[in-house]
$ cat protein28.tsv   # TSV, C-alpha atoms
chain	number	residue	atom	x	y	z
F	297	MET	CA	84.56	-118.92	-181.43
F	298	TYR	CA	81.31	-119.21	-179.49
F	299	LEU	CA	80.56	-119.40	-175.80
F	300	SER	CA	78.50	-122.49	-175.05
F	301	TYR	CA	76.79	-123.56	-171.86
F	302	GLN	CA	76.66	-127.13	-170.65
F	303	GLY	CA	75.88	-128.53	-167.23
F	304	TYR	CA	76.18	-125.18	-165.48
F	305	LYS	CA	79.63	-124.67	-167.00
F	306	HIS	CA	80.67	-122.29	-169.74
F	307	ARG	CA	83.26	-123.18	-172.31
F	308	LEU	CA	84.60	-121.70	-175.51
F	309	GLN	CA	83.74	-123.73	-178.58
F	310	LEU	CA	85.38	-123.38	-181.97
F	311	VAL	CA	82.76	-123.57	-184.71
F	312	ASP	CA	83.36	-123.78	-188.42
F	313	GLU	CA	82.07	-120.53	-189.90
F	314	SER	CA	80.17	-122.49	-192.55
F	315	THR	CA	78.02	-123.93	-189.77
F	316	PHE	CA	76.05	-120.71	-189.97
F	317	GLU	CA	75.57	-120.72	-193.73
F	318	PHE	CA	71.85	-121.44	-193.33
F	319	ARG	CA	71.03	-117.89	-192.21
F	320	ASN	CA	67.53	-116.94	-193.32
F	321	SER	CA	67.90	-113.27	-194.20
F	322	THR	CA	64.24	-112.96	-195.23
F	323	LEU	CA	63.06	-114.25	-191.89
F	324	ALA	CA	65.67	-112.30	-189.96
F	325	SER	CA	64.34	-109.06	-191.43
F	326	GLN	CA	60.98	-109.77	-189.76
F	327	PHE	CA	62.63	-109.42	-186.38
F	328	VAL	CA	63.88	-105.88	-186.96
F	329	GLY	CA	62.21	-103.58	-184.47
F	330	THR	CA	61.10	-106.37	-182.15
F	331	ASN	CA	62.01	-106.51	-178.49
F	332	ILE	CA	64.31	-109.51	-178.87
F	333	SER	CA	67.66	-108.31	-177.58
F	334	ASP	CA	69.37	-111.46	-176.32
F	335	PRO	CA	71.99	-112.42	-178.95
F	336	ILE	CA	71.49	-116.13	-178.23
F	337	ILE	CA	67.75	-115.79	-178.82
F	338	ASN	CA	68.46	-114.01	-182.09
F	339	LEU	CA	70.82	-116.83	-182.99
F	340	VAL	CA	68.24	-119.51	-182.24
F	341	SER	CA	65.28	-117.84	-183.86
F	342	SER	CA	66.59	-116.39	-187.10
F	343	LEU	CA	69.89	-117.98	-187.96
F	344	PHE	CA	69.06	-120.67	-190.45
F	345	ALA	CA	67.58	-121.23	-193.86
F	346	ILE	CA	67.59	-124.16	-196.23
F	347	THR	CA	70.85	-124.49	-198.12
F	348	ASP	CA	71.50	-125.11	-201.80
F	349	SER	CA	71.02	-128.82	-202.43
F	350	ASN	CA	73.97	-128.89	-204.83
F	351	LYS	CA	76.36	-128.35	-201.93
F	352	TYR	CA	75.44	-131.71	-200.43
F	353	PRO	CA	75.03	-134.13	-203.34
F	354	GLU	CA	73.28	-137.48	-203.00
F	355	ASN	CA	75.43	-140.45	-202.05
F	356	PRO	CA	75.99	-142.51	-205.25
F	357	LYS	CA	76.09	-145.68	-203.10
F	358	LYS	CA	72.65	-145.05	-201.61
F	359	SER	CA	70.68	-148.27	-201.30
F	360	ASN	CA	66.92	-148.80	-201.33
F	361	ARG	CA	66.91	-149.40	-197.58
F	362	ASN	CA	65.21	-147.32	-194.89
F	363	LEU	CA	65.99	-146.74	-191.24
F	364	VAL	CA	63.81	-146.70	-188.11
F	365	TYR	CA	65.30	-145.64	-184.79
F	366	PHE	CA	64.37	-145.31	-181.12
F	367	THR	CA	65.96	-143.75	-178.05
F	368	VAL	CA	65.45	-145.34	-174.65
F	369	ASN	CA	67.26	-145.53	-171.33
F	370	SER	CA	67.13	-148.44	-168.89
F	371	ASP	CA	63.63	-147.59	-167.70
F	372	LYS	CA	61.80	-150.92	-167.53
F	373	ASP	CA	58.42	-149.43	-168.43
F	374	TYR	CA	59.72	-147.75	-171.58
F	375	LEU	CA	61.55	-150.91	-172.59
F	376	LYS	CA	58.20	-152.71	-172.32
F	377	MET	CA	56.60	-150.09	-174.56
F	378	LEU	CA	59.43	-150.51	-177.05
F	379	ARG	CA	58.74	-154.24	-177.16
F	380	VAL	CA	55.07	-153.55	-177.88
F	381	CYS	CA	55.94	-151.05	-180.59
F	382	LEU	CA	58.30	-153.48	-182.32
F	383	ARG	CA	55.82	-156.34	-182.11
F	384	SER	CA	53.04	-154.17	-183.56
F	385	ILE	CA	55.28	-153.11	-186.45
F	386	ILE	CA	56.19	-156.72	-187.20
F	387	SER	CA	52.58	-157.91	-186.94
F	388	ASN	CA	51.30	-155.41	-189.50
F	389	ALA	CA	54.20	-155.22	-191.96
F	390	SER	CA	53.98	-156.74	-195.43
F	391	SER	CA	57.77	-157.00	-195.43
F	392	LEU	CA	60.68	-155.71	-193.35
F	393	LYS	CA	63.51	-156.83	-195.60
F	394	ASN	CA	64.48	-153.30	-196.64
F	395	ILE	CA	64.23	-151.74	-193.16
F	396	ASP	CA	66.91	-151.59	-190.47
F	397	PHE	CA	66.14	-150.70	-186.85
F	398	ILE	CA	68.45	-148.93	-184.42
F	399	VAL	CA	68.08	-148.60	-180.66
F	400	ILE	CA	70.06	-145.77	-179.06
F	401	SER	CA	70.51	-146.74	-175.42
F	402	ASP	CA	72.94	-147.09	-172.54
F	403	SER	CA	72.16	-150.76	-171.96
F	404	PHE	CA	73.77	-153.32	-174.22
F	405	SER	CA	72.25	-156.19	-172.25
F	406	GLU	CA	68.75	-154.87	-172.91
F	407	TYR	CA	69.59	-154.64	-176.60
F	408	ILE	CA	70.68	-158.29	-176.63
F	409	SER	CA	67.34	-159.23	-175.08
F	410	LEU	CA	65.48	-157.28	-177.74
F	411	ARG	CA	67.55	-158.79	-180.53
F	412	ASP	CA	66.84	-162.29	-179.27
F	413	GLU	CA	63.13	-161.58	-178.91
F	414	PHE	CA	62.74	-160.08	-182.39
F	415	PRO	CA	64.80	-162.17	-184.84
F	416	GLU	CA	62.43	-161.06	-187.64
F	417	ILE	CA	64.08	-157.65	-187.90
F	418	ASN	CA	67.56	-156.25	-188.49
F	419	LEU	CA	68.09	-154.64	-185.09
F	420	TYR	CA	71.25	-152.65	-184.32
F	421	PHE	CA	72.53	-150.80	-181.29
F	422	ARG	CA	74.27	-147.51	-180.64
F	423	GLN	CA	75.52	-147.14	-177.10
F	424	VAL	CA	75.51	-143.84	-175.22
F	425	LYS	CA	76.44	-143.08	-171.65
F	426	LYS	CA	73.68	-143.46	-169.10
F	427	PRO	CA	71.38	-140.44	-169.41
F	428	ALA	CA	70.59	-138.46	-166.27
F	429	ASP	CA	66.84	-138.75	-166.84
F	430	GLY	CA	64.15	-139.28	-169.43
F	431	ILE	CA	64.70	-135.81	-170.88
F	432	ALA	CA	68.36	-136.54	-171.56
F	433	ALA	CA	67.45	-139.92	-173.05
F	434	SER	CA	64.95	-138.27	-175.39
F	435	MET	CA	67.53	-135.68	-176.45
F	436	ASN	CA	69.60	-138.49	-177.95
F	437	LYS	CA	67.23	-138.60	-180.91
F	438	LEU	CA	69.08	-135.49	-182.14
F	439	ARG	CA	72.32	-137.48	-182.34
F	440	ILE	CA	71.34	-140.07	-184.97
F	441	PHE	CA	73.64	-138.64	-187.63
F	442	GLU	CA	76.52	-138.43	-185.19
F	443	LEU	CA	76.03	-141.95	-183.83
F	444	PHE	CA	75.33	-143.66	-187.15
F	445	PRO	CA	77.82	-142.52	-189.83
F	446	TYR	CA	76.31	-144.79	-192.50
F	447	PHE	CA	73.01	-142.88	-192.58
F	448	ASP	CA	73.32	-141.57	-196.14
F	449	GLU	CA	73.35	-145.10	-197.54
F	450	TYR	CA	69.63	-145.14	-196.68
F	451	GLN	CA	66.69	-143.45	-198.38
F	452	LYS	CA	64.55	-142.29	-195.45
F	453	ILE	CA	64.74	-142.19	-191.67
F	454	LEU	CA	61.74	-142.63	-189.38
F	455	PHE	CA	62.05	-141.79	-185.70
F	456	LEU	CA	59.54	-143.34	-183.30
F	457	ASP	CA	58.92	-142.81	-179.60
F	458	CYS	CA	58.43	-146.04	-177.70
F	459	ASP	CA	54.81	-145.19	-176.83
F	460	ILE	CA	53.44	-145.97	-180.29
F	461	VAL	CA	51.32	-148.90	-181.44
F	462	PHE	CA	51.29	-149.68	-185.16
F	463	ASN	CA	48.04	-150.69	-186.81
F	464	GLN	CA	49.22	-150.16	-190.40
F	465	ASP	CA	51.91	-151.50	-192.68
F	466	ILE	CA	55.06	-149.47	-191.98
F	467	GLN	CA	56.11	-149.93	-195.61
F	468	LYS	CA	53.43	-147.47	-196.69
F	469	ILE	CA	55.19	-144.67	-194.84
F	470	PHE	CA	58.38	-145.26	-196.78
F	471	THR	CA	56.59	-144.91	-200.12
F	472	LEU	CA	55.90	-141.23	-199.41
F	473	GLU	CA	57.68	-138.58	-201.48
F	474	LEU	CA	59.78	-136.30	-199.29
F	475	LYS	CA	61.58	-133.03	-199.81
F	476	ASP	CA	65.08	-132.80	-198.46
F	477	SER	CA	65.63	-130.41	-195.54
F	478	LYS	CA	61.99	-130.75	-194.50
F	479	ILE	CA	60.74	-132.62	-191.47
F	480	TYR	CA	57.40	-134.47	-191.54
F	481	SER	CA	55.40	-135.09	-188.39
F	482	ILE	CA	51.87	-134.53	-187.02
F	483	ILE	CA	49.90	-132.35	-184.63
F	484	HIS	CA	46.66	-133.16	-182.85
F	485	ASP	CA	43.27	-131.97	-184.06
F	486	GLU	CA	42.88	-129.50	-181.20
F	487	TYR	CA	45.90	-127.41	-182.20
F	488	HIS	CA	45.26	-123.69	-182.00
F	489	ARG	CA	47.42	-120.66	-182.77
F	490	ALA	CA	48.39	-119.98	-179.17
F	491	THR	CA	50.27	-123.29	-179.02
F	492	ILE	CA	52.98	-122.00	-181.31
F	493	ASN	CA	54.20	-119.59	-178.62
F	494	THR	CA	54.42	-122.03	-175.73
F	495	LYS	CA	57.60	-123.71	-174.51
F	496	TYR	CA	56.27	-127.00	-175.88
F	497	HIS	CA	56.86	-125.85	-179.46
F	498	ASN	CA	59.03	-122.76	-179.22
F	499	LEU	CA	61.98	-121.32	-177.38
F	500	ILE	CA	60.74	-117.74	-177.50
F	501	LYS	CA	57.53	-115.83	-178.18
F	502	PHE	CA	56.89	-114.12	-181.52
F	503	ASN	CA	54.64	-111.22	-182.31
F	504	GLN	CA	51.30	-111.69	-184.03
F	505	GLU	CA	52.62	-110.72	-187.44
F	506	ILE	CA	55.12	-113.57	-187.42
F	507	VAL	CA	52.54	-116.03	-186.09
F	508	ASP	CA	50.16	-115.00	-188.87
F	509	SER	CA	52.90	-115.48	-191.46
F	510	LEU	CA	53.61	-119.00	-190.25
F	511	ASN	CA	49.94	-119.95	-190.10
F	512	SER	CA	49.21	-118.56	-193.57
F	513	SER	CA	52.02	-120.76	-194.88
F	514	GLY	CA	50.54	-123.84	-193.24
F	515	ILE	CA	53.30	-124.04	-190.63
F	516	THR	CA	51.99	-125.40	-187.35
F	517	PRO	CA	53.67	-126.82	-184.24
F	518	PHE	CA	54.50	-130.51	-184.50
F	519	ASN	CA	54.93	-133.35	-182.07
F	520	ALA	CA	58.52	-134.64	-182.14
F	521	GLY	CA	57.58	-138.14	-180.99
F	522	GLN	CA	57.51	-139.35	-184.58
F	523	PHE	CA	59.06	-137.77	-187.63
F	524	LEU	CA	60.13	-138.73	-191.12
F	525	ILE	CA	63.12	-137.21	-192.95
F	526	ARG	CA	65.36	-137.85	-195.92
F	527	ALA	CA	68.63	-139.57	-195.04
F	528	SER	CA	71.05	-136.98	-196.41
F	529	GLN	CA	74.16	-134.98	-195.64
F	530	LYS	CA	72.06	-131.85	-195.74
F	531	MET	CA	69.67	-133.11	-193.08
F	532	ALA	CA	72.64	-134.20	-190.99
F	533	ARG	CA	73.89	-130.62	-191.12
F	534	HIS	CA	70.54	-129.34	-189.91
F	535	PHE	CA	70.64	-131.70	-186.93
F	536	GLN	CA	74.16	-130.51	-186.22
F	537	ASN	CA	72.82	-126.98	-186.09
F	538	ILE	CA	70.02	-127.97	-183.72
F	539	ASN	CA	72.52	-129.61	-181.40
F	540	LEU	CA	74.59	-126.45	-181.42
F	541	ILE	CA	71.51	-124.42	-180.48
F	542	ARG	CA	70.83	-126.89	-177.67
F	543	GLU	CA	74.33	-126.38	-176.28
F	544	LEU	CA	74.00	-122.61	-176.40
F	545	TRP	CA	70.50	-122.35	-174.96
F	546	GLN	CA	70.10	-121.49	-171.27
F	547	GLY	CA	66.36	-120.74	-171.19
F	548	ASP	CA	63.28	-122.86	-170.63
F	549	PHE	CA	62.45	-125.72	-173.02
F	550	PHE	CA	60.39	-128.88	-173.38
F	551	PHE	CA	62.56	-131.84	-174.35
F	552	GLU	CA	64.03	-131.66	-177.86
F	553	GLN	CA	60.64	-130.69	-179.26
F	554	SER	CA	61.18	-127.00	-178.47
F	555	PHE	CA	64.47	-126.91	-180.38
F	556	MET	CA	63.21	-128.85	-183.38
F	557	ASN	CA	60.07	-126.73	-183.73
F	558	THR	CA	61.98	-123.46	-183.46
F	559	TYR	CA	64.51	-124.56	-186.06
F	560	PHE	CA	62.26	-126.12	-188.69
F	561	ASN	CA	59.08	-124.08	-188.26
F	562	TYR	CA	60.68	-120.69	-188.53
F	563	ASN	CA	62.50	-121.81	-191.62
F	564	PHE	CA	59.16	-122.93	-193.13
F	565	ALA	CA	60.58	-126.44	-193.30
F	566	SER	CA	58.02	-128.55	-191.46
F	567	ASP	CA	54.97	-130.46	-192.65
F	568	THR	CA	52.13	-131.78	-190.48
F	569	LYS	CA	49.91	-132.99	-193.32
F	570	LEU	CA	51.77	-135.82	-195.03
F	571	LEU	CA	51.73	-138.20	-192.05
F	572	ASP	CA	48.22	-137.32	-190.92
F	573	ASP	CA	46.74	-140.48	-192.48
F	574	PHE	CA	49.30	-142.63	-190.72
F	575	PHE	CA	49.44	-141.45	-187.10
F	576	CYS	CA	46.87	-140.64	-184.43
F	577	LEU	CA	48.26	-138.42	-181.67
F	578	PHE	CA	46.27	-139.15	-178.52
F	579	TYR	CA	47.13	-137.50	-175.20
F	580	ILE	CA	46.58	-139.44	-171.99
F	581	GLY	CA	46.87	-139.00	-168.23
F	582	ASP	CA	47.21	-135.46	-166.91
F	583	ASN	CA	47.64	-134.20	-170.48
F	584	ALA	CA	44.46	-135.79	-171.82
F	585	ILE	CA	42.37	-133.75	-174.28
F	586	ASN	CA	38.83	-135.06	-173.99
F	587	SER	CA	37.79	-133.94	-177.47
F	588	LEU	CA	40.45	-136.05	-179.21
F	589	THR	CA	39.37	-139.25	-180.94
F	590	LEU	CA	41.34	-142.44	-180.52
F	591	ASP	CA	41.59	-143.64	-184.12
F	592	LYS	CA	42.84	-147.22	-184.13
F	593	SER	CA	42.84	-147.36	-187.90
F	594	LYS	CA	46.06	-145.34	-187.66
F	595	ASN	CA	49.28	-145.91	-185.77
F	596	VAL	CA	48.52	-144.61	-182.27
F	597	HIS	CA	50.99	-142.43	-180.40
F	598	TYR	CA	49.66	-142.37	-176.84
F	599	ALA	CA	51.52	-139.24	-175.76
F	600	GLY	CA	51.27	-137.19	-172.59
F	601	ASP	CA	52.49	-137.78	-169.03
F	602	PRO	CA	56.13	-137.70	-170.20
F	603	CYS	CA	58.46	-140.04	-168.34
F	604	ASN	CA	55.48	-141.66	-166.58
F	605	GLY	CA	55.65	-145.22	-167.83
F	606	SER	CA	53.02	-146.64	-165.50
F	607	THR	CA	50.25	-144.42	-166.91
F	608	LYS	CA	51.21	-145.41	-170.43
F	609	LEU	CA	51.22	-149.10	-169.62
F	610	GLU	CA	47.76	-148.78	-168.07
F	611	PHE	CA	46.59	-147.23	-171.35
F	612	LEU	CA	48.07	-150.15	-173.28
F	613	LYS	CA	46.37	-152.62	-170.99
F	614	SER	CA	43.04	-150.89	-171.49
F	615	GLU	CA	43.11	-150.12	-175.22
F	616	PHE	CA	45.50	-152.70	-176.69
F	617	PRO	CA	45.25	-155.77	-174.47
F	618	ASN	CA	46.43	-158.06	-177.27
F	619	TYR	CA	49.79	-156.31	-177.28
F	620	TYR	CA	49.91	-155.72	-173.54
F	621	ASP	CA	49.61	-159.47	-173.04
F	622	ILE	CA	53.02	-160.06	-174.63
F	623	LEU	CA	54.55	-158.25	-171.63
F	624	THR	CA	53.25	-160.80	-169.14
$ encode --input "protein28.tsv" --output "structure tokens"
Amino acid sequence: MYLSYQGYKHRLQLVDESTFEFRNSTLASQFVGTNISDPIINLVSSLFAITDSNKYPENPKKSNRNLVYFTVNSDKDYLKMLRVCLRSIISNASSLKNIDFIVISDSFSEYISLRDEFPEINLYFRQVKKPADGIAASMNKLRIFELFPYFDEYQKILFLDCDIVFNQDIQKIFTLELKDSKIYSIIHDEYHRATINTKYHNLIKFNQEIVDSLNSSGITPFNAGQFLIRASQKMARHFQNINLIRELWQGDFFFEQSFMNTYFNYNFASDTKLLDDFFCLFYIGDNAINSLTLDKSKNVHYAGDPCNGSTKLEFLKSEFPNYYDILT
């Protein structure tokens, strides 16, 4: 039995003891003697490791299909960006016959409009209650395994934020070899060590020894606006764990990115190299990094200014007028 915290209310939650089977004893030993005393922080930071793959065997009915999904609320600007993203995927794809698309949203009517506009793709809908804000809408990306029970019939799952323009064939991403229980994403060129201890990529701060250990293993913070994973029961269990952490956590955080980084990075289960040839992470607006290069040979994620759709649409108008024009 665990005490969870949701919406300023506490409640007791019964949790299957096997939920915590992923405990990383090697990593946990690194925290001995540190000043981390909060039991919830200890839970978040050192609870999990990668489980034995034999416990979650591959689905014998697995097809050769792949899944792409988005989360969006009824924000008109973000729905416009989603339209641009879908059109750019379609325009550059060699084939989309083996890819299904899912929109997680509160608006069925908006889904119908999207489905009618993009008959070239297999577009499905998973309805959720209206999120309180953009943060809550973004958090729904953690619920894909809960909302879509047929996930393990697919090979791979690609999550995409709406503020992405494709300039490459999406099929190439799905040819990549992936390890189960590892998440694949990217980080911008200007990443430096200090970033790993900010709320944007971490729930707590770690001492220099732990930071050095992560860096020497090639573990860096990642942007959660795009990620690629295996579609498996094991990965579903990891997302279940992250959602449990989210329910328990009462401290500061930055969207779901803080939770995902804490979970995967400190279990040495993230990779920011594999997708580097496919995505350009380019920050705009108040979060702009002047030294970053906008590489339009890659799929461009124009991040920054979260929940500010007008800034993002202005960027589209300036840098991708051919796609912006479909909105008018």
$ atom_distance --input "protein28.tsv" --atom1 "CA of Phe455 in chain F" --atom2 "CA of Ser391 in chain F"
18.6 Å
$ residues_around --input "protein28.tsv" --residues "range 568-585 of chain F" --least-positions-apart "3" --cutoff "9 Å" --atoms "all atoms listed in the file" --output "ChimeraX atom specification"
/F:462,464,468-469,472,479-486,514-519,522-524,588-601,607-608,611
$ closest_residue --input "protein28.tsv" --among "F:Asp459, F:Phe404, F:Pro356, F:Glu552" --to "Tyr420 in chain F" --atoms "all atoms listed in the file"
F:Phe404
$ atom_distance --input "protein28.tsv" --atom1 "CA of Asp429 in chain F" --atom2 "CA of Met556 in chain F"
19.6 Å
$ axis_aligned_box --input "protein28.tsv" --around "range 383-402 of chain F" --padding-each-side "8 Å" --output "lines of an AutoDock Vina configuration file"
center_x = 62.1
center_y = -151.8
center_z = -184.6
size_x = 37.6
size_y = 28.1
size_z = 40.1
$ closest_residue --input "protein28.tsv" --among "F:Pro427, F:Ile417, F:Phe555, F:Ser401" --to "Ile385 in chain F" --atoms "all atoms listed in the file"
F:Ile417
$ closest_residue --input "protein28.tsv" --among "F:Gln504, F:Ser614, F:Arg533, F:Leu499" --to "Thr558 in chain F" --atoms "all atoms listed in the file"
F:Leu499
$ residues_around --input "protein28.tsv" --residues "Thr494 in chain F" --least-positions-apart "5" --cutoff "10 Å" --atoms "only C-alpha atoms" --output "short mmCIF file (atom, residue, chain, number, x, y, z; two decimals) with C-alpha atoms, keeping the file's coordinate frame"
data_model
loop_
_atom_site.label_atom_id
_atom_site.label_comp_id
_atom_site.auth_asym_id
_atom_site.auth_seq_id
_atom_site.Cartn_x
_atom_site.Cartn_y
_atom_site.Cartn_z
CA LEU F 499 61.98 -121.32 -177.38
CA ILE F 500 60.74 -117.74 -177.50
CA LYS F 501 57.53 -115.83 -178.18
CA PRO F 517 53.67 -126.82 -184.24
CA PHE F 549 62.45 -125.72 -173.02
CA PHE F 550 60.39 -128.88 -173.38
CA SER F 554 61.18 -127.00 -178.47
#
$ residues_near_point --input "protein28.tsv" --point "(51.8, -156.3, -168.2)" --cutoff "12 Å" --atoms "all atoms listed in the file" --output "PyMOL selection string"
chain F and resi 372-373+375-377+379-380+605-606+608-614+616-624
$ closest_residue --input "protein28.tsv" --among "F:Ser477, F:Ala490, F:Glu615, F:Glu406" --to "Tyr559 in chain F" --atoms "only C-alpha atoms"
F:Ser477
$ closest_residue --input "protein28.tsv" --among "F:Lys530, F:Arg361, F:Arg383, F:Lys475" --to "Phe414 in chain F" --atoms "all atoms listed in the file"
F:Arg383
$ atom_distance --input "protein28.tsv" --atom1 "CA of Tyr446 in chain F" --atom2 "CA of Lys393 in chain F"
17.8 Å
$ residues_around --input "protein28.tsv" --residues "Pro415 in chain F" --least-positions-apart "5" --cutoff "12 Å" --atoms "only C-alpha atoms" --output "MDAnalysis selection string"
chainID F and resid 382:383 386 392 397 408:410 420
$ decode --input "protein28.tsv" --residues "range 544-557 of chain F" --atoms "N, CA and C atoms" --output "PDB file, in the first residue's frame"
ATOM      1  N   LEU F 544       3.021   9.874  -7.376  1.00  0.00           N
ATOM      2  CA  LEU F 544       3.622  10.030  -6.052  1.00  0.00           C
ATOM      3  C   LEU F 544       4.351  11.358  -5.874  1.00  0.00           C
ATOM      4  N   TRP F 545       4.812  11.945  -6.967  1.00  0.00           N
ATOM      5  CA  TRP F 545       5.720  13.082  -6.890  1.00  0.00           C
ATOM      6  C   TRP F 545       4.978  14.365  -6.525  1.00  0.00           C
ATOM      7  N   GLN F 546       5.516  15.106  -5.558  1.00  0.00           N
ATOM      8  CA  GLN F 546       4.930  16.373  -5.142  1.00  0.00           C
ATOM      9  C   GLN F 546       5.853  17.558  -5.417  1.00  0.00           C
ATOM     10  N   GLY F 547       7.068  17.310  -5.893  1.00  0.00           N
ATOM     11  CA  GLY F 547       8.032  18.376  -6.109  1.00  0.00           C
ATOM     12  C   GLY F 547       7.896  19.033  -7.463  1.00  0.00           C
ATOM     13  N   ASP F 548       8.881  19.837  -7.797  1.00  0.00           N
ATOM     14  CA  ASP F 548       8.907  20.584  -9.045  1.00  0.00           C
ATOM     15  C   ASP F 548       9.208  19.642 -10.206  1.00  0.00           C
ATOM     16  N   PHE F 549       8.708  19.969 -11.399  1.00  0.00           N
ATOM     17  CA  PHE F 549       8.981  19.151 -12.583  1.00  0.00           C
ATOM     18  C   PHE F 549       8.697  19.967 -13.828  1.00  0.00           C
ATOM     19  N   PHE F 550       9.180  19.480 -14.962  1.00  0.00           N
ATOM     20  CA  PHE F 550       8.936  20.105 -16.250  1.00  0.00           C
ATOM     21  C   PHE F 550       8.264  19.090 -17.161  1.00  0.00           C
ATOM     22  N   PHE F 551       6.945  19.227 -17.308  1.00  0.00           N
ATOM     23  CA  PHE F 551       6.162  18.301 -18.116  1.00  0.00           C
ATOM     24  C   PHE F 551       6.527  16.855 -17.758  1.00  0.00           C
ATOM     25  N   GLU F 552       6.304  15.947 -18.693  1.00  0.00           N
ATOM     26  CA  GLU F 552       6.654  14.536 -18.462  1.00  0.00           C
ATOM     27  C   GLU F 552       8.147  14.286 -18.660  1.00  0.00           C
ATOM     28  N   GLN F 553       8.824  15.259 -19.242  1.00  0.00           N
ATOM     29  CA  GLN F 553      10.243  15.092 -19.566  1.00  0.00           C
ATOM     30  C   GLN F 553      11.089  14.829 -18.319  1.00  0.00           C
ATOM     31  N   SER F 554      10.756  15.485 -17.207  1.00  0.00           N
ATOM     32  CA  SER F 554      11.502  15.265 -15.970  1.00  0.00           C
ATOM     33  C   SER F 554      11.386  13.827 -15.506  1.00  0.00           C
ATOM     34  N   PHE F 555      10.189  13.276 -15.558  1.00  0.00           N
ATOM     35  CA  PHE F 555       9.948  11.916 -15.088  1.00  0.00           C
ATOM     36  C   PHE F 555      10.623  10.890 -15.987  1.00  0.00           C
ATOM     37  N   MET F 556      10.512  11.094 -17.294  1.00  0.00           N
ATOM     38  CA  MET F 556      11.084  10.132 -18.235  1.00  0.00           C
ATOM     39  C   MET F 556      12.610  10.129 -18.157  1.00  0.00           C
ATOM     40  N   ASN F 557      13.210  11.308 -18.041  1.00  0.00           N
ATOM     41  CA  ASN F 557      14.663  11.377 -17.929  1.00  0.00           C
ATOM     42  C   ASN F 557      15.154  10.722 -16.648  1.00  0.00           C
TER      43      ASN F 557
END
